[in-house]
Amino acid sequence: MNRHLLSIADLSKEEAVNLLDTAAELARVTETPVKKLPTLRGRTIVNLFFEDSTRTRISFEAAAKRLSADVINFSAKGSSLSKGESLKDTALTLQAMGADGVVIRHPASGAAHRLASQKWMSGCVINAGDGTHEHPTQALLDAFTIRENLKEPSGDLAGLNVAIVGDVLHSRVARSNVLLLQKLGAIVTLIAPPTLLPVAVNTWGCNVKYDFDSDLNSFDVVMMLRVQRERMEDAFFPSEREYARRYGLNAARLSLLNSRCIVMHPGPMNRGLEISADSADSDKSVIVDQVKNGVAVRMAALYLLLGGE
Amino acid sequence: MSINYLLKNLKDASGKRIELAISNGRFVEVKDAAPDSEIIDGKGLTAIPGLVDLHTHLREPGKEDAETVLSGSKAAAAGGFTAISAMPNTNPIADTAGVVEQVFRLGISHGICDVFPIGAVTLGQQGKILSEMGAMRSSEAKVRIFSDDGHCVWDSLVMRRALEYVKAFDGVIAQHAQDPRLTHGSQMNEGEVSAALGLKGWPAAAEESIIARDLLLNEHVGSRLHICHLTTIGGVELIRWAKKRGIQVTAEVTPHHLLLTDELARSYDPLYKVNPPLRTERDVMALREGVVDGTIDVIATDHAPHPAEDKDCEWAAAAFGMIGLETALSVSYKALVESGLMRFEDLVERMSGAPARIGRYEGHGSLAIGNEANFTLVDTATNWRVETPEIRSKSKNSPYLGLELPVTVRHTYLRGKEVFSQ
Ligand SMILES: [Zn+2]
């Protein structure tokens with residue numbers, strides 16, 4: 001495995017499957033009474049969050065602690081885009097603190113790449129979401145959740161039909177998932193209004209549909225993406241009501257899904273906009289599993305990046 | 001010190017053997033060379049008229065940590081330029097006679113390179129009220145070119161009026177073609193790479209739609225329109241169409257748009273962040289073709305210095321722009337001459353003769369007898385490597401760092417005075 005986890009594009013299929021298998025093993029261990037592993041004792045992991053995301057930060061924190069690492073939470077919200085050198089200055093500070101690994105969440109696409117490629121610091125870098133680029137551990141936990149529910153506990157996702165629905169254009173979750181799920185053999189279909197798809201989406205190798213209602217029962221997985229209400233002001237769609245009607249997962253659509261289909265959402269949800277309450281809480285929903293699996297997958301990432309040293 | 005020279009054993013850009021006699025800062029016939037002329041052996045060197053840049057950002061007044069008229073002049077001379085055109089987006093903005101005269105006088109007092117200020121089209125480059133272009137024209141700086149560069153003159157009515165107004169004094173409006181609504185927050189070319197990188201796209205149509213509009217406006221009012229930094233296939237085709245139709249227009253392209261593509265953004269290194277953005281390989285090829293067939297009249301640097309901290313950060317936070325004065329000739333040579341598309345003498349015409357004519361920069365752009373002796377001696381057989389310590393510009397934001405480039409500039413002369421030598 002590479003020294004950093006910046007993009008799903010950097011992972012081979014074998015590395016991705018290995019990471020998922022490692023996560024499965026670690027998940028089993030943490031279900032035993034002794035929840036902590038000594039693997040990263042004496043190592044320092046910094047959670048560097050330039051954007052609010054309590055759920056992701058807590059997930060990484062729990063993962064690091066279960067591997068016995070020391071965790072420092074460093075939040076620098078709002079300081080970066082206005083004054084660019086703060087990423088560099090922060091990195092120099094982390095270097096001085098002796099960080100072995102940095103988990104970075106940043107509003108700018110490519111921020112994790114910059115942190116890893118400049119000589120600012122020597123620790124390994126895990127991208128916990130960079131702008132509208134990628135969120136690799138989210139995709140890995142999604143793949144893990146899909147595999148756990150629909151496949152053997154090991155191996156890939158060959159042949160599964162996965163729909164990713166919503167604001168693909170601005171979604172780092174979608175980018176990472178398109179790369180990872182296809183790498184693992186799944187057939188990915190993006191469903192969105194054309195305004196919320198990148199112009200060159202045809203180069204991504206997946207199917208693209210503008211209509212959520214056709215062939216709904218063909219999907220094994222329906223992954224809903226969060227839609228930010230502000231998008232409406234930039235004329236991406238006419239109204240929340242129209243968006244919810246055309247692209248929301250509501251009770252009517254839920255009833256048309258096939259029996260084994262699972263419903264996913266990376267959170268936080270806008271209930272009533274992209275997903276109705278009954279869909280989110282239905283027995284098809286694996287949204288709670290996603291949160292739980294996040295810890296195991298992040299443990300695996302930390303373990304594979306830092307544990308071997 | 002003698003200012004009379006006789007340079008022997010030179011070649012011109014076409015490879016023909018020539019001698020140059022310079023007396024009192026002008027080219028004279030060799031037979032009329034002053035008897036006290038210092039004789040210089042130019043073996044291995046090619047003499048070209050001093051390069052002329054129509055698009056330079058010098059940052060003085062206002063941001064002297066990035067570049068000054070002095071450091072920019074030195075960089076220009078090192079790149080073989082004897083005339084550069086200072087864009088008005090300084091602080092204060094060059095929208096009055098006072099500011100353009102200040103910049104012009106700085107250029108004269110340094111005496112390294114002629115600095116021709118470009119005046120803002122609109123007050124504060126706000127795109128609303130015309131600046132006093134007549135006063136800038138009548139000033140000591142004799143401003144000929146007006147541009148809101150960095151911003152587009154977006155309002156169609158303001159653009160129409162500006163084009164009309166400068167007809168009174170043979171001015172030219174240099175348009176930075178960028179629809180601001182279509183490019184709000186844009187970070188790079190919109191396409192496959194931006195989709196993968198999650199960086200906000202800058203669509204080609206945002207440039208082409210403004211070019212198309214301005215061509216039609218100028219067909220209607222018959223003024224002089226110059227399109228800055230073309231970057232797209234569509235833009236080249238529009239200009240080609242307009243010229244065929246008889247619309248008065250000239251166009252420029254930068255060396256970086258002739259060589260680099262948006263693939264470089266995959267590194268997320270802001271050295272490759274520039275406005276207008278690097279486009280695709282297909283665009284690069286169309287731009288080269290445009291230069292070769294004369295659709296594109298000039299190569300201009302869009303030299304845009306930025307201090308290190310404005311590039312040593314994440315992509316979105318970084319400033320747009322790259323320096324280019326010292327690499328322009330070499331990069332253009334690599335893209336056009338080395339690739340076999342164009343003869344060196346034609347490239348020199350695009351970088352010297354044509355821009356001098358568009359800017360009405362008398363005394364530049366030609367080695368003709370009687371002309372001011374503004375010329376450059378280059379070594380086309382020797383490559384050089386771009387390294388930070390060698391860069392004369394105050395800013396080091398070059399996308400070519402570490403790259404080996406063809407053509408080495410050896411000497412630059414301004415009115416017969418050697419202003420650069422290596
Ligand atoms: Zn411009």
# chains A, B, ... in the order shown; residues from 1 in each chain; ligands from 1
$ residues_near_ligand --ligand "ligand 1" --cutoff "8 Å" --atoms "only C-alpha atoms and all ligand atoms" --output "PyMOL selection string"
chain B and resi 149-151+175-177+228-229+275-276+302
$ select_by_dssp --residues "stretch 158-274 of chain B" --states "helix (DSSP H, G or I)" --output "ChimeraX atom specification"
/B:158-169,192-197,204-221,233-245,255-259,262-267,270-272
$ interface_residues --of "chain B" --to "chain A" --cutoff "8 Å" --atoms "only C-alpha atoms" --output "PyMOL selection string"
chain B and resi 190-192+195-199+267-269+309-310+312-318
$ select_by_dssp --residues "stretch 62-305 of chain A" --states "strand (DSSP E or B)" --output "MDAnalysis selection string"
chainID A and resid 70:75 101:106 124:130 134 161:165 187:191 207:209 221:224 249 262:264 271 275 285
$ residues_around --residues "A:Pro268" --least-positions-apart "4" --cutoff "12 Å" --atoms "only C-alpha atoms" --output "JSON, numbers by chain"
{"A": [52, 53, 54, 55, 56, 224, 225, 226, 227, 228, 264, 273, 274, 275, 280, 287, 288, 290, 291]}
$ atom_distance --atom1 "atom CA of B:Arg240" --atom2 "atom CA of B:Asp283"
14.7 Å
